[in-house]
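Shown next, in C-alpha cells, is the structure this report addresses.
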Amino acid sequence: MTFTDVHTAQGYDDLPRLMSLMTGDEKHGPAATSTLDVVWVLYDRVLRVSPEAVDAPDRDRFLLSKGHGPMAYYAVLAAKGFLPESLLPGFGAYESPLGHHPDRVLVPGAEISSGSLGHGLPLAVGSALGLRAQGLSGPAVWVLVGDAELDEGSNHEAIAYAGAVGLERLHTVVVDNASATHGRPGGIAARFEAAGWSTATVDGRDHQALYEAYTAPHLGRPHAVVARVEAKV
C-alpha cells in the first residue's frame with residue numbers, strides 16, 4: 001500500500017510547545033526529553049507509518065520500550081497527526097488516554113503498552129519473527145530502549161537470539177544518558193556487536209547523524225543505534 005506522507009504536519013520547532021501543554025504530575029522529565037530527537041527523526045524521516053495506516057499489515061512497527069516519561073512520544077504523535085493536540089493538556093489525568101505509561105488500547109499508533117523496563121526488546125524480537133513467519137519482508141521493526149534497561153537480563157537474551165537468527169528487519173535504538181547501573185566492557189555497542197549485530201554510535205541530538213545511522217545497510221543482521229545524549233542528573 002502507499003503510506004500517506006506525514007512529513008507535512010507540524011515541524012520539529014513546534015515540539016517544545018506541544019510538550020509544554022502536558023503539565024500533569026510527570027516524574028520522568030529527563031527520560032522524556034532524552035528521547036525527543038531520536039523519536040522525531042524516526043517519525044519524520046524513516047518510519048513507514050501514518051495516521052491512516054496504523055493497522056496496515058505492511059506498516060513499520062515502532063515499540064517504545066522506554067515507556068516512562070512518554071511526553072516526547074505523545075508530542076511527536078500529535079505533531080504527526082496520530083492524536084489531536086487537544087488531548088495533550090489532559091496528560092496524566094484520570095480520564096485521559098495519555099497516561100504516564102502508554103497504553104496501546106488508548107493511544108492511537110502505539111504498538112505496545114510499556115513502562116515496565118526490559119519488555120520492549122523481547123517483544124520487538126517476537127514482532128520481527130512473526131512478520132518473517134508471515135512472509136512479510138517489507139515492514140521494519142524499531143524499538144527504543146534506555147541504557148538503564150540493559151541492566152535487565154531479558155534484553156540480553158533477546159540480543160543474543162536476534163543476532164543468532166539474523167533478524168535483519170529488527171532495529172534497536174538505545175538512548176544513552178549514562179543512567180545504567182552496570183558498565184559494559186567496550187561500551188553499549190560492543191554488547192550488540194558480540195551477538196552479531198550491526199551497530200552505530202552517534203550524537204543523539206544530531207538529526208542528520210541519526211538519519212544516517214538509522215538507514216545504514218546491515219545485510220543479514222539486526223541493527224542497533226546507540227544515541228548518546230547529555231547525562232541524566
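Ordering of the C-alpha cells sets the chain letters (A, B, ...), residue numbers begin anew at 1 in every chain, and ligands are numbered from 1 in the order given.
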Each residue of stretch 40-112 of chain A lying at most 12 Å from stretch 121-129 of chain A should get a row with its shortest atom-to-atom pair and the distance in Å to one decimal, counting only C-alpha atoms; could you produce that, ordered by chain and increasing number, as a Markdown table?
```
| residue | atom | partner | partner_atom | distance |
| --- | --- | --- | --- | --- |
| A:Pro57 | CA | A:Ser127 | CA | 11.9 |
| A:Asp60 | CA | A:Ala128 | CA | 10.4 |
| A:Arg61 | CA | A:Ser127 | CA | 8.4 |
| A:Phe62 | CA | A:Ala124 | CA | 8.7 |
| A:Leu63 | CA | A:Ala124 | CA | 7.0 |
| A:Leu64 | CA | A:Leu121 | CA | 9.3 |
| A:Ser65 | CA | A:Leu121 | CA | 7.0 |
| A:Lys66 | CA | A:Leu121 | CA | 10.0 |
| A:Glu111 | CA | A:Ala124 | CA | 10.0 |
| A:Ile112 | CA | A:Leu123 | CA | 8.5 |
```
Written file, previous selection with C-alpha atoms, as an mmCIF file, in the first residue's frame:
```cif
data_model
loop_
_atom_site.group_PDB
_atom_site.id
_atom_site.type_symbol
_atom_site.label_atom_id
_atom_site.label_comp_id
_atom_site.auth_asym_id
_atom_site.auth_seq_id
_atom_site.Cartn_x
_atom_site.Cartn_y
_atom_site.Cartn_z
ATOM 1 C CA PRO A 57 -0.063 -5.187 7.715
ATOM 2 C CA ASP A 60 6.705 -0.314 10.047
ATOM 3 C CA ARG A 61 6.379 -1.001 13.774
ATOM 4 C CA PHE A 62 7.764 1.342 16.449
ATOM 5 C CA LEU A 63 7.823 -0.026 20.005
ATOM 6 C CA LEU A 64 8.541 2.427 22.812
ATOM 7 C CA SER A 65 10.112 0.225 25.466
ATOM 8 C CA LYS A 66 11.300 3.249 27.439
ATOM 9 C CA GLU A 111 2.176 -0.689 19.202
ATOM 10 C CA ILE A 112 2.682 -1.833 22.810
#
```
Which residues of stretch 12-92 of chain A come within 9 Å of stretch 102-109 of chain A, and for each one, what is the closest pair of atoms and their distance in Å to one decimal, counting only C-alpha atoms, sorted by chain and residue number, as a Markdown table?
```
| residue | atom | partner | partner_atom | distance |
| --- | --- | --- | --- | --- |
| A:Val49 | CA | A:Gly109 | CA | 8.8 |
| A:Ser50 | CA | A:Gly109 | CA | 8.4 |
| A:Pro51 | CA | A:Gly109 | CA | 7.1 |
| A:Ala53 | CA | A:Gly109 | CA | 8.9 |
| A:Val54 | CA | A:Gly109 | CA | 5.5 |
| A:Asp55 | CA | A:Gly109 | CA | 8.4 |
| A:Phe62 | CA | A:Gly109 | CA | 8.8 |
| A:Leu64 | CA | A:Pro102 | CA | 8.5 |
| A:Gly67 | CA | A:Pro102 | CA | 6.4 |
| A:His68 | CA | A:Pro102 | CA | 8.2 |
| A:Pro70 | CA | A:Pro102 | CA | 7.0 |
| A:Tyr74 | CA | A:Val107 | CA | 8.7 |
| A:Leu77 | CA | A:Gly109 | CA | 7.8 |
| A:Phe82 | CA | A:Pro108 | CA | 6.0 |
| A:Leu83 | CA | A:Pro108 | CA | 6.3 |
```
| When DSSP works through the backbone of this structure, what residues of stretch 47-142 of chain A end up as alpha helix (DSSP H), shown as number ranges by chain? | A: 71-79, 120-133
Can I get the selected residues back with all heavy atoms, as a compact mmCIF listing (two decimals), in the first residue's frame?
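Dumped everything to out.txt:
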```
# COMPACT_ATOMS: atom_id res chain seq x y z
N MET A 71 6.25 11.95 27.33
CA MET A 71 5.80 13.24 26.81
C MET A 71 6.33 13.51 25.40
O MET A 71 5.61 14.04 24.55
CB MET A 71 6.20 14.36 27.75
CG MET A 71 5.49 14.34 29.09
SD MET A 71 5.89 15.77 30.11
CE MET A 71 7.65 15.52 30.38
N ALA A 72 7.60 13.20 25.15
CA ALA A 72 8.15 13.45 23.81
C ALA A 72 7.43 12.59 22.78
O ALA A 72 7.13 13.04 21.67
CB ALA A 72 9.64 13.17 23.80
N TYR A 73 7.15 11.36 23.13
CA TYR A 73 6.44 10.44 22.23
C TYR A 73 5.06 10.99 21.89
O TYR A 73 4.67 11.04 20.72
CB TYR A 73 6.35 9.08 22.91
CG TYR A 73 5.65 8.00 22.13
CD1 TYR A 73 5.97 7.73 20.81
CD2 TYR A 73 4.69 7.19 22.75
CE1 TYR A 73 5.35 6.70 20.10
CE2 TYR A 73 4.08 6.16 22.06
CZ TYR A 73 4.41 5.92 20.74
OH TYR A 73 3.79 4.90 20.05
N TYR A 74 4.33 11.43 22.90
CA TYR A 74 3.00 11.99 22.67
C TYR A 74 3.08 13.26 21.82
O TYR A 74 2.23 13.49 20.95
CB TYR A 74 2.31 12.30 23.99
CG TYR A 74 1.95 11.10 24.84
CD1 TYR A 74 1.79 11.24 26.23
CD2 TYR A 74 1.77 9.84 24.29
CE1 TYR A 74 1.46 10.15 27.02
CE2 TYR A 74 1.44 8.75 25.08
CZ TYR A 74 1.28 8.91 26.45
OH TYR A 74 0.95 7.83 27.24
N ALA A 75 4.09 14.10 22.07
CA ALA A 75 4.24 15.33 21.30
C ALA A 75 4.48 15.03 19.83
O ALA A 75 3.91 15.66 18.94
CB ALA A 75 5.38 16.17 21.87
N VAL A 76 5.33 14.03 19.55
CA VAL A 76 5.60 13.66 18.16
C VAL A 76 4.36 13.07 17.52
O VAL A 76 4.04 13.39 16.36
CB VAL A 76 6.79 12.68 18.09
CG1 VAL A 76 6.94 12.12 16.67
CG2 VAL A 76 8.08 13.37 18.51
N LEU A 77 3.64 12.21 18.22
CA LEU A 77 2.41 11.65 17.67
C LEU A 77 1.40 12.75 17.35
O LEU A 77 0.71 12.70 16.33
CB LEU A 77 1.79 10.65 18.65
CG LEU A 77 2.53 9.31 18.82
CD1 LEU A 77 1.83 8.46 19.88
CD2 LEU A 77 2.63 8.55 17.51
N ALA A 78 1.32 13.76 18.21
CA ALA A 78 0.40 14.88 17.94
C ALA A 78 0.89 15.69 16.74
O ALA A 78 0.09 16.09 15.88
CB ALA A 78 0.28 15.77 19.18
N ALA A 79 2.19 15.94 16.67
CA ALA A 79 2.73 16.72 15.55
C ALA A 79 2.50 16.03 14.22
O ALA A 79 2.32 16.68 13.19
CB ALA A 79 4.23 16.95 15.76
N GLY A 120 10.37 -4.35 26.05
CA GLY A 120 10.21 -3.91 24.67
C GLY A 120 11.06 -4.65 23.67
O GLY A 120 10.58 -5.03 22.59
N LEU A 121 12.33 -4.88 23.97
CA LEU A 121 13.21 -5.56 23.02
C LEU A 121 12.78 -7.01 22.79
O LEU A 121 12.71 -7.46 21.63
CB LEU A 121 14.66 -5.47 23.47
CG LEU A 121 15.72 -6.07 22.53
CD1 LEU A 121 15.54 -5.59 21.10
CD2 LEU A 121 17.12 -5.74 23.04
N PRO A 122 12.45 -7.77 23.83
CA PRO A 122 11.92 -9.12 23.56
C PRO A 122 10.63 -9.09 22.73
O PRO A 122 10.44 -9.95 21.85
CB PRO A 122 11.66 -9.68 24.96
CG PRO A 122 12.63 -8.96 25.84
CD PRO A 122 12.69 -7.57 25.28
N LEU A 123 9.75 -8.11 22.97
CA LEU A 123 8.54 -8.00 22.17
C LEU A 123 8.87 -7.66 20.73
O LEU A 123 8.22 -8.15 19.80
CB LEU A 123 7.61 -6.93 22.76
CG LEU A 123 6.89 -7.31 24.05
CD1 LEU A 123 6.22 -6.09 24.65
CD2 LEU A 123 5.87 -8.40 23.80
N ALA A 124 9.89 -6.83 20.52
CA ALA A 124 10.30 -6.49 19.16
C ALA A 124 10.85 -7.70 18.43
O ALA A 124 10.60 -7.88 17.23
CB ALA A 124 11.33 -5.36 19.20
N VAL A 125 11.61 -8.53 19.14
CA VAL A 125 12.10 -9.77 18.53
C VAL A 125 10.92 -10.64 18.10
O VAL A 125 10.90 -11.18 16.98
CB VAL A 125 13.01 -10.53 19.52
CG1 VAL A 125 13.31 -11.94 19.01
CG2 VAL A 125 14.31 -9.77 19.74
N GLY A 126 9.94 -10.77 18.96
CA GLY A 126 8.76 -11.56 18.62
C GLY A 126 8.01 -10.97 17.43
O GLY A 126 7.53 -11.72 16.56
N SER A 127 7.93 -9.65 17.36
CA SER A 127 7.25 -9.00 16.24
C SER A 127 7.99 -9.28 14.93
O SER A 127 7.37 -9.59 13.90
CB SER A 127 7.17 -7.48 16.48
OG SER A 127 6.38 -7.18 17.61
N ALA A 128 9.31 -9.16 14.95
CA ALA A 128 10.10 -9.41 13.75
C ALA A 128 9.98 -10.87 13.32
O ALA A 128 9.89 -11.18 12.12
CB ALA A 128 11.56 -9.04 13.99
N LEU A 129 9.98 -11.78 14.29
CA LEU A 129 9.82 -13.20 13.96
C LEU A 129 8.44 -13.46 13.37
O LEU A 129 8.30 -14.24 12.41
CB LEU A 129 10.01 -14.04 15.21
CG LEU A 129 11.44 -14.29 15.68
CD1 LEU A 129 11.43 -14.96 17.05
CD2 LEU A 129 12.20 -15.15 14.67
N GLY A 130 7.43 -12.83 13.93
CA GLY A 130 6.08 -13.02 13.42
C GLY A 130 5.93 -12.53 11.99
O GLY A 130 5.30 -13.19 11.16
N LEU A 131 6.52 -11.37 11.69
CA LEU A 131 6.46 -10.85 10.33
C LEU A 131 7.20 -11.78 9.37
O LEU A 131 6.74 -12.03 8.25
CB LEU A 131 7.07 -9.45 10.30
CG LEU A 131 6.24 -8.36 10.99
CD1 LEU A 131 7.06 -7.09 11.16
CD2 LEU A 131 4.96 -8.07 10.21
N ARG A 132 8.35 -12.29 9.81
CA ARG A 132 9.11 -13.22 8.97
C ARG A 132 8.29 -14.48 8.70
O ARG A 132 8.25 -14.98 7.56
CB ARG A 132 10.43 -13.58 9.65
CG ARG A 132 11.22 -14.64 8.91
CD ARG A 132 12.43 -15.10 9.72
NE ARG A 132 13.54 -14.17 9.63
CZ ARG A 132 14.75 -14.40 10.18
NH1 ARG A 132 14.97 -15.53 10.86
NH2 ARG A 132 15.71 -13.52 10.07
N ALA A 133 7.61 -14.99 9.72
CA ALA A 133 6.81 -16.21 9.55
C ALA A 133 5.66 -16.00 8.57
O ALA A 133 5.24 -16.95 7.90
CB ALA A 133 6.27 -16.67 10.90
```
| query | Can you list, as a ChimeraX atom specification, every protein, DNA or RNA residue that comes within 8 Å of A:Asp206 when you count only C-alpha atoms, leaving out same-chain residues fewer than 4 positions away? | reply | /A:37,202,210
| Out of stretch 1-230 of chain A, which residues get strand (DSSP E or B) from DSSP, as an MDAnalysis selection string? | chainID A and resid 61:64 141:146 170:176 198:203 223:228
| Test item: residues at most 10 Å from A:Leu42, only C-alpha atoms, excluding those fewer than 3 positions along its chain, as a PyMOL selection string | chain A and resi 37-39+45-48+62+76+142+207+210-211+214
| said: Nearest residue to A:Gly69 out of A:Ala200, A:Met22, A:Val173, A:Val229, using only C-alpha atoms? | reply: A:Met22
| Interatomic distance (Å, one decimal) between atom CA of A:Met19 and atom CA of A:Lys80 |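 So the answer is 13.7 Å.
With only C-alpha atoms as the atoms that count, the residue of A:Ser113, A:Ser137, A:Asn155, A:Thr23 with the shortest distance to A:Gly92 is A:Thr23.
For the choices A:Ala180, A:Glu149, A:Ala209, A:Leu98, the atom-to-atom distance to A:Glu85 is smallest for A:Leu98 when using only C-alpha atoms.
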| request: Give me the residues within 8 Å of A:Arg228 as number ranges by chain, counting only C-alpha atoms and dropping any in the same chain fewer than 6 places off. | output: A: 175-177, 201-205
